[in-house]
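**Q** Encoded as structure tokens, here's the structure I'll be asking about.
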There are 2 protein chains.
Amino acid sequence: MAKLPPQHVLKFSRGLVMNYVAMLLCLKCTFCPSLSGVYEEHNGTSRTAGMNGSGPSRLVDPLEDPLPGVGTYEDFNTIDWVREKSKDRDRHREITNKSRQSTVALLHSISDAFSGWLLMLLVGLMSGALAGGIDISAHWMTDVKGGLCLRGFWFNHEHCCWLSNETTFQERDRCPQWQSWAELITGKSEGPFAYIVNYLMYIFWALMFSFLAVILVRAFAPYACGSGIPEIKTILSGFIIRGYLGKWTLIIKTITLVLAVSSGLSLGKEGPLVHVACCCANILCHLFTKYRKNEAKRREVLSAAAAVGVSVAFGAPIGGVLFSLEEVSYYFPLKTLWRSFFAALVAAFTLRSINPFGNSRLVLFYVEFHTPWHLVELAPFILLGIFGGLWGALFIKANIAWCRLRKTTCLGHYPVIEVLVVAALTALLSYPNSYTRMSGSELISELFNDCSLLDSSQLCGYKQVSVDNSLADRPAGPGLYTALWQLALALVFKMMITVITFGMKVPSGLFIPSMAVGAIAGRLLGVGMEQLAYYNHDAVIFKGWCSQGADCITPGLYAMVGAAACLGGVTRMTVSLVVIMFELTGGLEYIVPLMAATMTSKWVADAFGREGIYEAHIRLNGYPFLEPKEEFEHSSLAVDVMRPRRMDPTLAVLTQEGMTVGESLVESTHFSGFPVVVSSESQRLVGFVLRRDLLISIDNARKRQDGIVSASQVVFTEHTPPLPPDAPPPLRLRCIMDLSPFTVTDHTPMDITVDIFRKLGLRQCLVTHNGRLLGIITKKDILKHMAQMANRDPDSILFN
Amino acid sequence: MAKLPPQHVLKFSRGLVMNYVAMLLCLKCTFCPSLSGVYEEHNGTSRTAGMNGSGPSRLVDPLEDPLPGVGTYEDFNTIDWVREKSKDRDRHREITNKSRQSTVALLHSISDAFSGWLLMLLVGLMSGALAGGIDISAHWMTDVKGGLCLRGFWFNHEHCCWLSNETTFQERDRCPQWQSWAELITGKSEGPFAYIVNYLMYIFWALMFSFLAVILVRAFAPYACGSGIPEIKTILSGFIIRGYLGKWTLIIKTITLVLAVSSGLSLGKEGPLVHVACCCANILCHLFTKYRKNEAKRREVLSAAAAVGVSVAFGAPIGGVLFSLEEVSYYFPLKTLWRSFFAALVAAFTLRSINPFGNSRLVLFYVEFHTPWHLVELAPFILLGIFGGLWGALFIKANIAWCRLRKTTCLGHYPVIEVLVVAALTALLSYPNSYTRMSGSELISELFNDCSLLDSSQLCGYKQVSVDNSLADRPAGPGLYTALWQLALALVFKMMITVITFGMKVPSGLFIPSMAVGAIAGRLLGVGMEQLAYYNHDAVIFKGWCSQGADCITPGLYAMVGAAACLGGVTRMTVSLVVIMFELTGGLEYIVPLMAATMTSKWVADAFGREGIYEAHIRLNGYPFLEPKEEFEHSSLAVDVMRPRRMDPTLAVLTQEGMTVGESLVESTHFSGFPVVVSSESQRLVGFVLRRDLLISIDNARKRQDGIVSASQVVFTEHTPPLPPDAPPPLRLRCIMDLSPFTVTDHTPMDITVDIFRKLGLRQCLVTHNGRLLGIITKKDILKHMAQMANRDPDSILFN
């Protein structure tokens, strides 16, 4: 599972230097093929007929299984949930039955029952530890862009000055031990020359980090790029992408995530942390037979790992579980709910004991507001929701258009240059503005913060009016006005740069940039409201709840609501988003504003297109993902969707007796499965055989079973039919036939058929009419039909 | 839906006085028939064959529908989820198509889309308001048992003294305006005589309230008794119990809940609040066609209402949603998740604005602990988990045994006397002990509370050691020792009395009594640990984290963990329970102890039997409930479960042409549905017809369609077959035939079949072999098979 694809091993052995040179020159290299590229390479061409074929069977270890390879899947294919779950139940039943016989078997049965919990514990511990490591390294490397600590280069800015005795609380980020690059190089800390040196060093490090990130991704683990959430959604829905959750992806994604975040690009680490947690889970699954050998069971663990990812990203375990349930998972039984909750808790507490933020808080943005909100404020909150929805819709359209451009034009052939250009642009434009210079999470943290009297930040540059009530609304001073201008510029910059950043070949999350955009907009509106209330406290809308000298408006709360609205607009999360935000504040008080903003944002954004960013990327990449949230709205019947179509040749079927080993039906067609019927006249269905199983079994029988030759009859019946005396012994293959294929009648409405596919996780379903076999519907057929109904290109669905 | 069953209307008209006299004498009356009684009365006998019949079709309004009654369900039958959802999609599609034609239709489409949210808003408002009313009334009536307020009889104790100026903070529950019954009657407030007068008045009121409660329930709404959660689970899984969620049930349940809680019986109001919220939702559904006419859509609203119920019971909206998801719901799409969250929030805020607890807190038990917990403390927490699990398992076994006794012996014929005896016993035994005299929620509140220095409660009767550190562990004083003795007695009493209280014919919830038992046990252990730590702070286990004069152990936290453990043992909730508890404290800190205790409790209790109390009651009552959490563990095939069995006569089928209107197959059998085949020789399946639809259609055609006589042929084909020239016109019934019946092959493992039934919500499924129809499996067949496999009586499943 976790092996590098062969072309990468090859490349690795060829020597890295060659690669780097080539990449620097970027001679139209396709070292980091997109997923569809890998697929096409792997399968020859992208076929479009129903029940598409799979490549040649891979080499299998003949000692592993009585009939090795039967019941496994090809890469880039969809699993059969029913078969997998049935397999697991058989296994479980066997263990339970055995456990009554001996003590060893009983112990085995108990350890088997608890292996799920043990696995969750390990996933939580590993992900929590990794997240802690990523946080610490990213923090340090972000600070390295500005300077170094003389006490020891491994200290970050805060830590360096914290150790210093000369620091006062007021100026806790200034200390002699921490020296900017200008000081280190030129010895001067002030003046335009020092500024330019710092500026250049900042750009240098940004380029350095981003270059390293993109090179590492391209050389060792092409799957480590992006946020990973669209692919994880697809994998959880039953698709197989070998190596996507492997150890190389984990190692490279962890390293490059730190580099990418530190480079100052407009991206976050939250989405990739979900990918990292899923990699951990997938690797740890190999320790337990139960999970290693069963694709459905493994997906249960991956669902829980997605919860773990968000739990460590925000310190919000409940929000993480709901995120997995609402946004990522496909099959989420209650057992998984309990286990994800457990794993998310373990991970959150592991992270807290590592204490990367140095405040012994679990959460990323800890805030505490002192003032309740007033009902009138719902109006600006809903306004923020509308802004979030509009921005979300716009962002998705712009980003998808940009990514499509990258896919279809030559832009996509120079990913390293692209990353370097964007990194340089980002560094160049963001350094002069202190709000873009700081990292995304620092910015959000500052925007969420409520101003106290002692606060020295520019955002709290109010004029002092009275001293006795430190929290009262105050008029804005010149410092605040400057901050507002800078924030407005930062808003425009962030909105632009995020569109072209998301989707580049580096690990990139979308949570932090989206939240940053919303938080800036919210803070601007919040300060505006505050000043409005201060100068017009006798106006109708403020009368009765906002008298002079009172603390009515909390701009930090507006920032928070704005962040939720923008993130909601982009991802279309609702409940999980509100719960994550609720866990950050810990107060039920602010749920209503958050709820109002996220619901508005979702409704507004849905009016422009019902897809969130992840679904849009799934569609862009042509993954076979059957959206569980969307209803099938058309009135087609199964007969309209099934293959063969009216003009097509009839369905390729096997008869239960009569085919010979050498017959070429299997070889001459590319279908990946065949229905077995009693006879081709009656078309009465007996079962269903997968191409892969059939090929492996015939191959195996020819090698090992005596007397099996090309003329041997293949028999699917229970009892061998009478054969002519000179005939070679028949090959009995009833054991590989699925005796319970799913069928629907030709008159079944497609909405019911889609429901069956979704709920049971089918790969294919046979269509009958009055008891006769008529055709077949595959998941791909359904997706193509849905694409056609939505006036999209049905050939955009690439995989089975 | 909300009408009283006919026998009750009758009884009502007969005059209430007669009833009361009869009930007081309790002449073996069966006025409050159990659900199974109603069913048997309704259906003649409890039939046992597969595909059981339904009673005579009820009278329908002929103007309502083109073919009235077709597509509706009998009482005590299971709905077909697939058909209902398909109906709703058709409706939705029609509205969407129309909306493109005119502005009115567009507005209609928009209002239709938002009607779900509007309904949720109304459900939240109504349930919140009702819960507020219940809280206030129950508080007042509980206090009335002790005395009256001279300032106005409608003030409760706290409110009465709060208004008094003479009250100090220390003695805030003593004021001259509040007079005990002894003071009112005899003028004396102290002395043994006054005590006896108060004691007697307490018993009098308890009897009075409980008598009123049971009489009201029996006379007006027999469905108002019990907690309602088992029935709601069954209804949500697709069963129909008309009147269970009707307006009479709502009114009577609301009133009697107040009475039952105030009577001092060992019961809570949390479970019944879920029932009340579901009644509100069901009644409000009648305002919207979308929900009135569709059983599946209505169940989505009911799922959300269950969340609302818990949300107002504990002030925990997120916990409520998870409770609905984990414990109650069957079909819980994401849309319902968002809507339940919204409704739960609205309800919680409505309740808060009513402010029944007078502390402007949202939650029932607000606690704030000051000390973090230590890893060593996990050992006692897990001990509490074991206690909770043991008690849960024991309670379920004892309670079910008691309820079975009530069902099968003459005990069940005297429910009024039973309630009165239990109420008298409870009042008699609970008055002398102050911890049983107070209401369950007051007790829990006091046990959860952390002792401060000023606390005058007996539980905080520590010896004063030092004044400077008010929160340090202190040695127990005589007050505390008395309290501990009383608590130990209260624990035994509560454990006993709850077993016989739950299941009586009054509204009774289980949350508060279970939590009370756990909280007492936890507090006892907590105080024990505290004293242990105080006197042995140099011992190995306390060394390093618990020095002298430090505040190490918080007994209130132990009470909380114990409460969660006991509730978890009884109901087998995990995540929702932890989240509810988390919302009560608002601190993520205490999630780990809670998690450890609830998981241990679940594991321990599961070792004695996998059913929670609600599932046990569902099974006791024989409802057709297919547990979604449990895996089907046996290796049977569909052919083993289907009807007809090997010895039975062949399956009753209709042929698609050839049956006449007068033919007696439908009348002579009791099956509630018939497969339609091409011909009885080929047994090739065409569709499935429901008995009810067939009867209604034939009846309708005979009355209205010209020329339809007994000899008319019934035709299910698309085109009418050639008929002899003298034949009467045929009756074409293809429109009522389900053209897409679900089929499985005879070799399908039952685990897959059960999965299909569960996930798609089927009522029946046809079984084929090589394309020929072989038999049928109904939900009841599956439940009977499962009962048989678990060595239970398969005839305990009563309903279809």
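By order in the structure tokens, chains are A, B, ...; within a chain, residues start at 1; ligands start at 1, following the order shown.
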Quick one: which chain A residues come within 7 Å of chain B, and what is the nearest atom pair for each with the distance in Å to one decimal, counting only C-alpha atoms, rows ordered by chain and ascending number, as a Markdown table?

**A**
| residue | atom | partner | partner_atom | distance |
| --- | --- | --- | --- | --- |
| A:Ser86 | CA | B:Ile752 | CA | 6.9 |
| A:Arg93 | CA | B:Glu633 | CA | 6.5 |
| A:Glu326 | CA | B:Leu334 | CA | 6.7 |
| A:Leu334 | CA | B:Glu326 | CA | 6.7 |
| A:Trp338 | CA | B:Val575 | CA | 6.1 |
| A:Val575 | CA | B:Trp338 | CA | 6.1 |
| A:Gly586 | CA | B:Gly586 | CA | 6.2 |
| A:Lys629 | CA | B:Leu334 | CA | 6.9 |
| A:Glu633 | CA | B:Arg93 | CA | 6.5 |
| A:Arg684 | CA | B:Gly771 | CA | 4.8 |
| A:Leu685 | CA | B:Asn770 | CA | 5.2 |
| A:Val686 | CA | B:Asn770 | CA | 4.9 |
| A:Leu739 | CA | B:His747 | CA | 6.0 |
| A:Ser740 | CA | B:Thr748 | CA | 4.8 |
| A:Phe742 | CA | B:Val744 | CA | 6.8 |
| A:Thr743 | CA | B:Thr743 | CA | 6.8 |
| A:Val744 | CA | B:Ser740 | CA | 6.7 |
| A:Thr745 | CA | B:Ser740 | CA | 5.4 |
| A:His747 | CA | B:Leu739 | CA | 5.9 |
| A:Thr748 | CA | B:Ser740 | CA | 4.8 |
| A:Ile752 | CA | B:Ser86 | CA | 6.9 |
| A:Lys759 | CA | B:Lys759 | CA | 6.4 |
| A:Asn770 | CA | B:Val686 | CA | 4.9 |
| A:Gly771 | CA | B:Arg684 | CA | 4.8 |
| A:Arg772 | CA | B:Gly771 | CA | 6.7 |

**Q** Counting only C-alpha atoms, what is within 7 Å of A:His157, bar same-chain residues fewer than 6 positions away, as a PyMOL selection string?

**A** chain A and resi 143+149+178

**Q** Would you mind exporting the chosen residues as a PDB file, in the first residue's frame, restricted to N, CA and C atoms?

**A**
ATOM      1  N   ASP A 143       9.659  32.418  12.405  1.00  0.00           N
ATOM      2  CA  ASP A 143      10.458  33.451  13.067  1.00  0.00           C
ATOM      3  C   ASP A 143      11.840  33.604  12.438  1.00  0.00           C
ATOM      4  N   CYS A 149      18.003  33.756  17.146  1.00  0.00           N
ATOM      5  CA  CYS A 149      18.222  33.917  18.576  1.00  0.00           C
ATOM      6  C   CYS A 149      19.690  33.658  18.883  1.00  0.00           C
ATOM      7  N   TRP A 178      17.375  38.351  20.669  1.00  0.00           N
ATOM      8  CA  TRP A 178      16.775  38.088  19.360  1.00  0.00           C
ATOM      9  C   TRP A 178      17.238  39.168  18.402  1.00  0.00           C
TER      10      TRP A 178
END

**Q** Just the residues within 6 Å of stretch 499-514 of chain A, please, counting only C-alpha atoms, with nothing from its chain fewer than 6 positions along; format it as a list of chain:residue names.

**A**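 Neighbouring residues, sequence-local ones excluded: A:Val214, A:Cys225, A:Gly226, A:Ser227, A:Leu257, A:Leu267, A:Gly268, A:Lys269, A:Glu270, A:Gly271, A:Pro272, A:Asn399, A:Cys566, A:Leu567.
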
**Q** Give me the residues near B:Asp693 as a list in words, where near means some atom within 7 Å (using only C-alpha atoms) and where sequence neighbours in that chain fewer than 3 positions away do not count.

**A**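 Returned residues: Val70, Gly71, Leu690, Ile696, Ser697 and Ile736 of chain B.
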
**Q** Those same residues - C-alpha atoms - I'd like them written as a compact mmCIF listing (two decimals), in the first residue's frame.

**A**
# COMPACT_ATOMS: atom_id res chain seq x y z
CA VAL B 70 -54.08 4.46 -1.56
CA GLY B 71 -50.58 4.99 -0.25
CA LEU B 690 -50.37 -3.99 -1.28
CA ILE B 696 -59.54 0.24 -1.88
CA SER B 697 -59.10 0.34 -5.66
CA ILE B 736 -51.22 0.83 -7.93

**Q** If we count only C-alpha atoms, what is near B:Trp181 at a cut-off of 6 Å, once residues fewer than 3 positions away on the same chain are taken out, given as a PyMOL selection string?

**A** chain B and resi 147+184-185+198

**Q** Give me, as a PyMOL selection string, the residues of stretch 137-327 of chain A that a backbone DSSP run labels helix (DSSP H, G or I).

**A** chain A and resi 137-144+157-163+181-186+191-220+222-224+229-236+247-262+270-285+289-292+295-314+317-327

**Q** I'd like the contact shell of stretch 287-303 of chain B - 6 Å cut-off, only C-alpha atoms, skipping same-chain residues fewer than 4 positions apart - returned as an MDAnalysis selection string.

**A** chainID B and resid 84 236 278 329

**Q** Record the distance separating atom CA of B:Thr256 and atom CA of B:Ile215, expressed in Å with one decimal.

**A**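 Value for the atom CA of B:Thr256-atom CA of B:Ile215 distance: 9.2 Å.
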
**Q** With a distance cut-off of 7 Å and only C-alpha atoms, select the neighbouring residues of A:Ala129, excluding the residue or stretch itself and same-chain residues fewer than 4 positions from it, and output the selection as a PyMOL selection string.

**A** chain A and resi 125+133+350-351

**Q** Any chance you could list, as a ChimeraX atom specification, the residues in stretch 402-618 of chain A that come up strand (DSSP E or B) when DSSP is run on the backbone?

**A** /A:462,476,507,509

**Q** Restricting it to N, CA and C atoms, dump the selection as a short mmCIF file (atom, residue, chain, number, x, y, z; two decimals), in the first residue's frame.

**A**
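Contents of again-v5.cif, as written:
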data_model
loop_
_atom_site.label_atom_id
_atom_site.label_comp_id
_atom_site.auth_asym_id
_atom_site.auth_seq_id
_atom_site.Cartn_x
_atom_site.Cartn_y
_atom_site.Cartn_z
N TYR A 462 -6.96 53.07 20.62
CA TYR A 462 -8.09 53.97 20.89
C TYR A 462 -7.61 55.18 21.67
N ALA A 476 -11.82 55.94 18.20
CA ALA A 476 -10.61 55.44 17.55
C ALA A 476 -9.53 56.51 17.52
N PRO A 507 1.78 21.41 -0.04
CA PRO A 507 0.67 21.19 0.88
C PRO A 507 0.02 22.53 1.21
N GLY A 509 -3.55 24.27 2.97
CA GLY A 509 -4.89 24.22 3.55
C GLY A 509 -5.62 25.51 3.28
#
